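Taking it in order: structure first as structure tokens, then the write-up.
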Amino acid sequence: MREATAAVRIDRHCPTCGAQHGRPRVLDSDVQVSLAHSGSRVAAALTTAGPVGVDVEWRAGDRVMPPARHFLTASEPVCRPDDLWTYWCRKESAAKATGDGL
């Protein structure tokens with residue numbers, strides 16, 4: 001098992017600047033990867049179905065969200081404080097899946 005995991009090669013080449021901080025790719029594989037972390041939480045998504053994005057946000061009482069006007073549209077109502085976090089995670093996940101990021 002250890003030999004099999006050692007054979008997995010990950011690349012994080014950024015298509016914009018070339019540094020190793022881009023989205024992770026499993027070399028020589030059709031596996032798509034998305035990773036997220038916030039506070040003590042970590043999320044990982046792996047699939048061969050196509051591009052994937054995942055996001056997770058740690059919500060502390062003193063943590064401040066960016067103003068909603070910066071990332072919500074008129075068709076995205078905020079009825080509860082948790083709605084902001086839900087929209088944020090959905091949008092960041094979609095941006096990661098397309099490779100655009102936020």
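In the structure tokens, the first chain shown is A, the next is B, and so on; residue numbers restart at 1 for each chain, and ligands run from 1 in the order shown.
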Problem set entry | Residue neighbourhood Val54 of chain A, 8 Å, only C-alpha atoms, exclusion window fewer than 4 positions, as a list in words |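 Once the nearby chain positions are removed, what remains is Ser34, Leu35, Ala36, Ala43, Ala44, Ala45, Cys89, Glu92, Ser93, Ala94, Lys96 and Ala97 of chain A.
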May I have the selected residues written with all heavy atoms, as a PDB file, in the first residue's frame?
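Saved to again_22.pdb:
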ATOM      1  N   SER A  34     -10.282  18.818  -5.489  1.00  0.00           N
ATOM      2  CA  SER A  34     -10.489  20.135  -4.908  1.00  0.00           C
ATOM      3  C   SER A  34     -10.304  20.012  -3.403  1.00  0.00           C
ATOM      4  O   SER A  34     -10.787  19.056  -2.792  1.00  0.00           O
ATOM      5  CB  SER A  34     -11.893  20.671  -5.221  1.00  0.00           C
ATOM      6  OG  SER A  34     -12.035  21.988  -4.714  1.00  0.00           O
ATOM      7  N   LEU A  35      -9.582  20.955  -2.825  1.00  0.00           N
ATOM      8  CA  LEU A  35      -9.324  20.960  -1.390  1.00  0.00           C
ATOM      9  C   LEU A  35      -9.731  22.299  -0.806  1.00  0.00           C
ATOM     10  O   LEU A  35      -9.644  23.331  -1.477  1.00  0.00           O
ATOM     11  CB  LEU A  35      -7.835  20.743  -1.114  1.00  0.00           C
ATOM     12  CG  LEU A  35      -7.212  19.471  -1.664  1.00  0.00           C
ATOM     13  CD1 LEU A  35      -5.709  19.501  -1.476  1.00  0.00           C
ATOM     14  CD2 LEU A  35      -7.817  18.258  -0.989  1.00  0.00           C
ATOM     15  N   ALA A  36     -10.139  22.274   0.458  1.00  0.00           N
ATOM     16  CA  ALA A  36     -10.471  23.508   1.169  1.00  0.00           C
ATOM     17  C   ALA A  36     -10.165  23.304   2.648  1.00  0.00           C
ATOM     18  O   ALA A  36     -10.256  22.192   3.162  1.00  0.00           O
ATOM     19  CB  ALA A  36     -11.940  23.866   0.979  1.00  0.00           C
ATOM     20  N   ALA A  43     -11.920  19.953   3.861  1.00  0.00           N
ATOM     21  CA  ALA A  43     -12.800  19.240   2.930  1.00  0.00           C
ATOM     22  C   ALA A  43     -11.982  18.847   1.709  1.00  0.00           C
ATOM     23  O   ALA A  43     -11.107  19.599   1.269  1.00  0.00           O
ATOM     24  CB  ALA A  43     -13.976  20.106   2.516  1.00  0.00           C
ATOM     25  N   ALA A  44     -12.268  17.669   1.183  1.00  0.00           N
ATOM     26  CA  ALA A  44     -11.604  17.194  -0.031  1.00  0.00           C
ATOM     27  C   ALA A  44     -12.656  16.564  -0.925  1.00  0.00           C
ATOM     28  O   ALA A  44     -13.559  15.881  -0.451  1.00  0.00           O
ATOM     29  CB  ALA A  44     -10.530  16.164   0.310  1.00  0.00           C
ATOM     30  N   ALA A  45     -12.553  16.853  -2.207  1.00  0.00           N
ATOM     31  CA  ALA A  45     -13.438  16.239  -3.191  1.00  0.00           C
ATOM     32  C   ALA A  45     -12.567  15.632  -4.280  1.00  0.00           C
ATOM     33  O   ALA A  45     -11.660  16.293  -4.788  1.00  0.00           O
ATOM     34  CB  ALA A  45     -14.391  17.264  -3.779  1.00  0.00           C
ATOM     35  N   CYS A  89     -20.005  29.562   0.214  1.00  0.00           N
ATOM     36  CA  CYS A  89     -19.438  28.238  -0.050  1.00  0.00           C
ATOM     37  C   CYS A  89     -19.854  27.723  -1.426  1.00  0.00           C
ATOM     38  O   CYS A  89     -19.039  27.142  -2.139  1.00  0.00           O
ATOM     39  CB  CYS A  89     -19.847  27.251   1.044  1.00  0.00           C
ATOM     40  SG  CYS A  89     -19.013  27.532   2.612  1.00  0.00           S
ATOM     41  N   GLU A  92     -17.816  29.786  -4.041  1.00  0.00           N
ATOM     42  CA  GLU A  92     -16.397  29.435  -4.065  1.00  0.00           C
ATOM     43  C   GLU A  92     -16.201  28.030  -4.632  1.00  0.00           C
ATOM     44  O   GLU A  92     -15.256  27.790  -5.379  1.00  0.00           O
ATOM     45  CB  GLU A  92     -15.773  29.538  -2.676  1.00  0.00           C
ATOM     46  CG  GLU A  92     -14.288  29.286  -2.737  1.00  0.00           C
ATOM     47  CD  GLU A  92     -13.496  30.002  -1.685  1.00  0.00           C
ATOM     48  OE1 GLU A  92     -14.013  30.902  -1.018  1.00  0.00           O
ATOM     49  OE2 GLU A  92     -12.317  29.641  -1.537  1.00  0.00           O
ATOM     50  N   SER A  93     -17.090  27.109  -4.320  1.00  0.00           N
ATOM     51  CA  SER A  93     -17.007  25.761  -4.881  1.00  0.00           C
ATOM     52  C   SER A  93     -17.129  25.795  -6.396  1.00  0.00           C
ATOM     53  O   SER A  93     -16.375  25.137  -7.113  1.00  0.00           O
ATOM     54  CB  SER A  93     -18.100  24.862  -4.298  1.00  0.00           C
ATOM     55  OG  SER A  93     -17.908  24.690  -2.914  1.00  0.00           O
ATOM     56  N   ALA A  94     -18.077  26.576  -6.900  1.00  0.00           N
ATOM     57  CA  ALA A  94     -18.258  26.678  -8.348  1.00  0.00           C
ATOM     58  C   ALA A  94     -17.041  27.323  -9.000  1.00  0.00           C
ATOM     59  O   ALA A  94     -16.583  26.878 -10.060  1.00  0.00           O
ATOM     60  CB  ALA A  94     -19.513  27.493  -8.667  1.00  0.00           C
ATOM     61  N   LYS A  96     -13.982  27.251  -7.941  1.00  0.00           N
ATOM     62  CA  LYS A  96     -12.897  26.269  -7.924  1.00  0.00           C
ATOM     63  C   LYS A  96     -13.090  25.220  -9.014  1.00  0.00           C
ATOM     64  O   LYS A  96     -12.136  24.790  -9.656  1.00  0.00           O
ATOM     65  CB  LYS A  96     -12.800  25.591  -6.564  1.00  0.00           C
ATOM     66  CG  LYS A  96     -12.217  26.449  -5.491  1.00  0.00           C
ATOM     67  CD  LYS A  96     -12.163  25.684  -4.185  1.00  0.00           C
ATOM     68  CE  LYS A  96     -11.438  26.439  -3.110  1.00  0.00           C
ATOM     69  NZ  LYS A  96     -11.312  25.625  -1.892  1.00  0.00           N
ATOM     70  N   ALA A  97     -14.328  24.801  -9.226  1.00  0.00           N
ATOM     71  CA  ALA A  97     -14.598  23.784 -10.252  1.00  0.00           C
ATOM     72  C   ALA A  97     -14.260  24.296 -11.646  1.00  0.00           C
ATOM     73  O   ALA A  97     -13.769  23.542 -12.498  1.00  0.00           O
ATOM     74  CB  ALA A  97     -16.064  23.333 -10.194  1.00  0.00           C
TER      75      ALA A  97
END
Problem set entry | Nearest to Pro81 of chain A, chosen from A:Gln32, A:Ala95, A:Val64, A:His13, with only C-alpha atoms counted in the distances |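 Ranking A:Gln32, A:Ala95, A:Val64, A:His13 by distance to Pro81 of chain A, first place goes to A:Val64.
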Problem set entry | Nearby residues (only C-alpha atoms) at most 10 Å from Thr86 of chain A, same-chain spacing under 5 positions excluded, as an NGL selection string | :A and (55-57 or 78 or 81 or 91)
Problem set entry | Between atom CA of Ser38 of chain A and atom CA of Trp58 of chain A, distance in Å (one decimal) |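 The value is 5.3 Å.
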Exercise. Mind pulling up the distance from atom CA of Ala49 of chain A to atom CA of Asp30 of chain A?
Worked result: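 It comes out at 8.6 Å.
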Problem set entry | Atom-to-atom span, atom CA of Arg9 of chain A and atom CA of Val52 of chain A, Å |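 We find that atom CA of Arg9 of chain A and atom CA of Val52 of chain A lie 18.7 Å from each other.
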Exercise. Which residues in chain A does DSSP call strand (DSSP E or B)? List them as a list of chain:residue names.
Worked result: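 Matching residues, listed in order: A:Ile10, A:Asp11, A:Arg25, A:Val26, A:Gln32, A:Val33, A:Ser34, A:Leu35, A:Ala36, A:His37, A:Ser38, A:Arg41, A:Val42, A:Ala43, A:Ala44, A:Ala45, A:Leu46, A:Thr47.
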Problem set entry | Distance criterion (only C-alpha atoms): nearest to Gly39 of chain A out of A:Arg59, A:Ala4, A:Thr16, A:Thr98 | A:Arg59
Exercise. Which is closer to Arg23 of chain A than all the others in A:Phe71, A:Ala7, A:Pro51, A:Cys79, using only C-alpha atoms?
Worked result: A:Pro51
As a tab-separated table (two decimals) with all heavy atoms, in the first residue's frame, please: all residues of chain A that backbone DSSP puts in helix (DSSP H, G or I).
chain	number	residue	atom	x	y	z
A	2	ARG	N	1.91	1.27	0.78
A	2	ARG	CA	2.78	2.43	0.88
A	2	ARG	C	3.41	2.75	-0.46
A	2	ARG	O	3.53	3.91	-0.84
A	2	ARG	CB	3.85	2.19	1.94
A	2	ARG	CG	4.70	3.41	2.20
A	2	ARG	CD	5.57	3.19	3.37
A	2	ARG	NE	4.71	3.21	4.54
A	2	ARG	CZ	5.06	3.67	5.71
A	2	ARG	NH1	6.26	4.11	5.89
A	2	ARG	NH2	4.23	3.66	6.71
A	3	GLU	N	3.79	1.73	-1.23
A	3	GLU	CA	4.37	1.95	-2.55
A	3	GLU	C	3.36	2.59	-3.49
A	3	GLU	O	3.69	3.45	-4.29
A	3	GLU	CB	4.90	0.65	-3.16
A	3	GLU	CG	6.06	0.03	-2.38
A	3	GLU	CD	5.58	-0.76	-1.17
A	3	GLU	OE1	4.41	-1.18	-1.12
A	3	GLU	OE2	6.40	-0.96	-0.26
A	4	ALA	N	2.10	2.15	-3.39
A	4	ALA	CA	1.05	2.69	-4.27
A	4	ALA	C	0.81	4.17	-3.98
A	4	ALA	O	0.68	4.98	-4.89
A	4	ALA	CB	-0.24	1.91	-4.10
A	5	THR	N	0.75	4.55	-2.70
A	5	THR	CA	0.53	5.95	-2.38
A	5	THR	C	1.75	6.80	-2.71
A	5	THR	O	1.61	7.95	-3.10
A	5	THR	CB	0.15	6.14	-0.90
A	5	THR	OG1	1.16	5.56	-0.08
A	5	THR	CG2	-1.19	5.50	-0.61
A	6	ALA	N	2.93	6.26	-2.59
A	6	ALA	CA	4.14	7.00	-2.95
A	6	ALA	C	4.21	7.25	-4.45
A	6	ALA	O	4.86	8.20	-4.90
A	6	ALA	CB	5.38	6.24	-2.47
A	68	ALA	N	-22.25	41.58	1.90
A	68	ALA	CA	-23.03	40.75	0.99
A	68	ALA	C	-23.14	41.35	-0.40
A	68	ALA	O	-23.19	40.63	-1.39
A	68	ALA	CB	-24.43	40.52	1.58
A	69	ARG	N	-23.14	42.65	-0.49
A	69	ARG	CA	-23.28	43.29	-1.81
A	69	ARG	C	-22.14	42.94	-2.75
A	69	ARG	O	-22.25	43.09	-3.95
A	69	ARG	CB	-23.42	44.80	-1.65
A	69	ARG	CG	-22.15	45.48	-1.19
A	69	ARG	CD	-22.35	47.01	-1.08
A	69	ARG	NE	-21.13	47.66	-0.72
A	69	ARG	CZ	-20.64	47.78	0.50
A	69	ARG	NH1	-21.31	47.26	1.52
A	69	ARG	NH2	-19.50	48.40	0.73
A	70	HIS	N	-21.02	42.47	-2.19
A	70	HIS	CA	-19.87	42.11	-3.02
A	70	HIS	C	-20.02	40.75	-3.70
A	70	HIS	O	-19.31	40.47	-4.66
A	70	HIS	CB	-18.57	42.12	-2.20
A	70	HIS	CG	-18.16	43.47	-1.75
A	70	HIS	ND1	-17.85	44.50	-2.61
A	70	HIS	CD2	-18.02	43.98	-0.51
A	70	HIS	CE1	-17.53	45.57	-1.93
A	70	HIS	NE2	-17.63	45.29	-0.65
A	81	PRO	N	-28.66	34.54	9.06
A	81	PRO	CA	-27.22	34.79	8.94
A	81	PRO	C	-26.47	33.65	8.25
A	81	PRO	O	-25.54	33.88	7.49
A	81	PRO	CB	-26.76	34.94	10.39
A	81	PRO	CG	-27.97	35.39	11.13
A	81	PRO	CD	-29.13	34.72	10.43
A	82	ASP	N	-26.92	32.42	8.44
A	82	ASP	CA	-26.25	31.28	7.80
A	82	ASP	C	-26.37	31.32	6.28
A	82	ASP	O	-25.57	30.70	5.58
A	82	ASP	CB	-26.82	29.95	8.30
A	82	ASP	CG	-26.33	29.62	9.70
A	82	ASP	OD1	-25.42	30.31	10.20
A	82	ASP	OD2	-26.85	28.66	10.28
A	83	ASP	N	-27.36	32.02	5.75
A	83	ASP	CA	-27.52	32.10	4.30
A	83	ASP	C	-26.29	32.69	3.62
A	83	ASP	O	-25.91	32.26	2.53
A	83	ASP	CB	-28.76	32.93	3.93
A	83	ASP	CG	-30.06	32.24	4.31
A	83	ASP	OD1	-30.04	31.02	4.60
A	83	ASP	OD2	-31.09	32.93	4.34
A	84	LEU	N	-25.67	33.67	4.26
A	84	LEU	CA	-24.45	34.27	3.67
A	84	LEU	C	-23.36	33.21	3.50
A	84	LEU	O	-22.71	33.13	2.46
A	84	LEU	CB	-23.94	35.41	4.54
A	84	LEU	CG	-24.73	36.70	4.49
A	84	LEU	CD1	-24.19	37.68	5.52
A	84	LEU	CD2	-24.68	37.30	3.11
A	85	TRP	N	-23.15	32.39	4.53
A	85	TRP	CA	-22.12	31.36	4.46
A	85	TRP	C	-22.46	30.32	3.39
A	85	TRP	O	-21.58	29.84	2.69
A	85	TRP	CB	-21.95	30.68	5.82
A	85	TRP	CG	-21.38	31.60	6.85
A	85	TRP	CD1	-22.05	32.18	7.88
A	85	TRP	CD2	-20.04	32.05	6.94
A	85	TRP	NE1	-21.21	32.97	8.60
A	85	TRP	CE2	-19.96	32.91	8.05
A	85	TRP	CE3	-18.88	31.82	6.20
A	85	TRP	CZ2	-18.79	33.53	8.44
A	85	TRP	CZ3	-17.70	32.45	6.59
A	85	TRP	CH2	-17.65	33.28	7.69
A	86	THR	N	-23.73	29.98	3.28
A	86	THR	CA	-24.16	29.00	2.27
A	86	THR	C	-23.88	29.52	0.87
A	86	THR	O	-23.29	28.81	0.04
A	86	THR	CB	-25.66	28.69	2.42
A	86	THR	OG1	-25.87	28.14	3.73
A	86	THR	CG2	-26.13	27.70	1.37
A	87	TYR	N	-24.27	30.76	0.59
A	87	TYR	CA	-23.99	31.34	-0.73
A	87	TYR	C	-22.49	31.42	-1.00
A	87	TYR	O	-22.02	31.12	-2.08
A	87	TYR	CB	-24.61	32.73	-0.86
A	87	TYR	CG	-26.11	32.75	-1.01
A	87	TYR	CD1	-26.90	33.49	-0.15
A	87	TYR	CD2	-26.73	32.04	-2.04
A	87	TYR	CE1	-28.28	33.52	-0.30
A	87	TYR	CE2	-28.10	32.06	-2.18
A	87	TYR	CZ	-28.87	32.80	-1.32
A	87	TYR	OH	-30.23	32.82	-1.47
A	88	TRP	N	-21.74	31.84	0.01
A	88	TRP	CA	-20.29	31.96	-0.15
A	88	TRP	C	-19.67	30.61	-0.52
A	88	TRP	O	-18.90	30.52	-1.48
A	88	TRP	CB	-19.66	32.49	1.14
A	88	TRP	CG	-18.18	32.63	1.05
A	88	TRP	CD1	-17.24	31.67	1.34
A	88	TRP	CD2	-17.46	33.76	0.59
A	88	TRP	NE1	-15.99	32.15	1.10
A	88	TRP	CE2	-16.09	33.44	0.65
A	88	TRP	CE3	-17.84	35.03	0.15
A	88	TRP	CZ2	-15.09	34.34	0.28
A	88	TRP	CZ3	-16.84	35.92	-0.21
A	88	TRP	CH2	-15.48	35.56	-0.15
A	89	CYS	N	-20.01	29.56	0.21
A	89	CYS	CA	-19.44	28.24	-0.05
A	89	CYS	C	-19.85	27.72	-1.43
A	89	CYS	O	-19.04	27.14	-2.14
A	89	CYS	CB	-19.85	27.25	1.04
A	89	CYS	SG	-19.01	27.53	2.61
A	90	ARG	N	-21.10	27.93	-1.79
A	90	ARG	CA	-21.55	27.50	-3.12
A	90	ARG	C	-20.77	28.21	-4.22
A	90	ARG	O	-20.33	27.60	-5.19
A	90	ARG	CB	-23.04	27.79	-3.30
A	90	ARG	CG	-23.94	26.86	-2.53
A	90	ARG	CD	-25.37	27.25	-2.72
A	90	ARG	NE	-26.26	26.40	-1.93
A	90	ARG	CZ	-27.53	26.66	-1.74
A	90	ARG	NH1	-28.09	27.73	-2.26
A	90	ARG	NH2	-28.27	25.83	-1.02
A	91	LYS	N	-20.61	29.51	-4.08
A	91	LYS	CA	-19.93	30.29	-5.12
A	91	LYS	C	-18.44	29.94	-5.18
A	91	LYS	O	-17.87	29.83	-6.27
A	91	LYS	CB	-20.14	31.78	-4.89
A	91	LYS	CG	-21.57	32.18	-5.21
A	91	LYS	CD	-21.81	33.64	-4.97
A	91	LYS	CE	-23.27	33.95	-5.25
A	91	LYS	NZ	-23.44	35.07	-6.13
A	92	GLU	N	-17.82	29.79	-4.04
A	92	GLU	CA	-16.40	29.43	-4.06
A	92	GLU	C	-16.20	28.03	-4.63
A	92	GLU	O	-15.26	27.79	-5.38
A	92	GLU	CB	-15.77	29.54	-2.68
A	92	GLU	CG	-14.29	29.29	-2.74
A	92	GLU	CD	-13.50	30.00	-1.68
A	92	GLU	OE1	-14.01	30.90	-1.02
A	92	GLU	OE2	-12.32	29.64	-1.54
A	93	SER	N	-17.09	27.11	-4.32
A	93	SER	CA	-17.01	25.76	-4.88
A	93	SER	C	-17.13	25.79	-6.40
A	93	SER	O	-16.38	25.14	-7.11
A	93	SER	CB	-18.10	24.86	-4.30
A	93	SER	OG	-17.91	24.69	-2.91
A	94	ALA	N	-18.08	26.58	-6.90
A	94	ALA	CA	-18.26	26.68	-8.35
A	94	ALA	C	-17.04	27.32	-9.00
A	94	ALA	O	-16.58	26.88	-10.06
A	94	ALA	CB	-19.51	27.49	-8.67
A	95	ALA	N	-16.49	28.36	-8.37
A	95	ALA	CA	-15.31	29.02	-8.93
A	95	ALA	C	-14.11	28.07	-8.95
A	95	ALA	O	-13.31	28.08	-9.90
A	95	ALA	CB	-14.99	30.27	-8.12
A	96	LYS	N	-13.98	27.25	-7.94
A	96	LYS	CA	-12.90	26.27	-7.92
A	96	LYS	C	-13.09	25.22	-9.01
A	96	LYS	O	-12.14	24.79	-9.66
A	96	LYS	CB	-12.80	25.59	-6.56
A	96	LYS	CG	-12.22	26.45	-5.49
A	96	LYS	CD	-12.16	25.68	-4.18
A	96	LYS	CE	-11.44	26.44	-3.11
A	96	LYS	NZ	-11.31	25.63	-1.89
A	97	ALA	N	-14.33	24.80	-9.23
A	97	ALA	CA	-14.60	23.78	-10.25
A	97	ALA	C	-14.26	24.30	-11.65
A	97	ALA	O	-13.77	23.54	-12.50
A	97	ALA	CB	-16.06	23.33	-10.19
A	98	THR	N	-14.51	25.58	-11.89
A	98	THR	CA	-14.20	26.14	-13.21
A	98	THR	C	-12.73	26.52	-13.33
A	98	THR	O	-12.25	26.80	-14.42
A	98	THR	CB	-15.05	27.40	-13.49
A	98	THR	OG1	-14.73	28.40	-12.51
A	98	THR	CG2	-16.52	27.08	-13.47
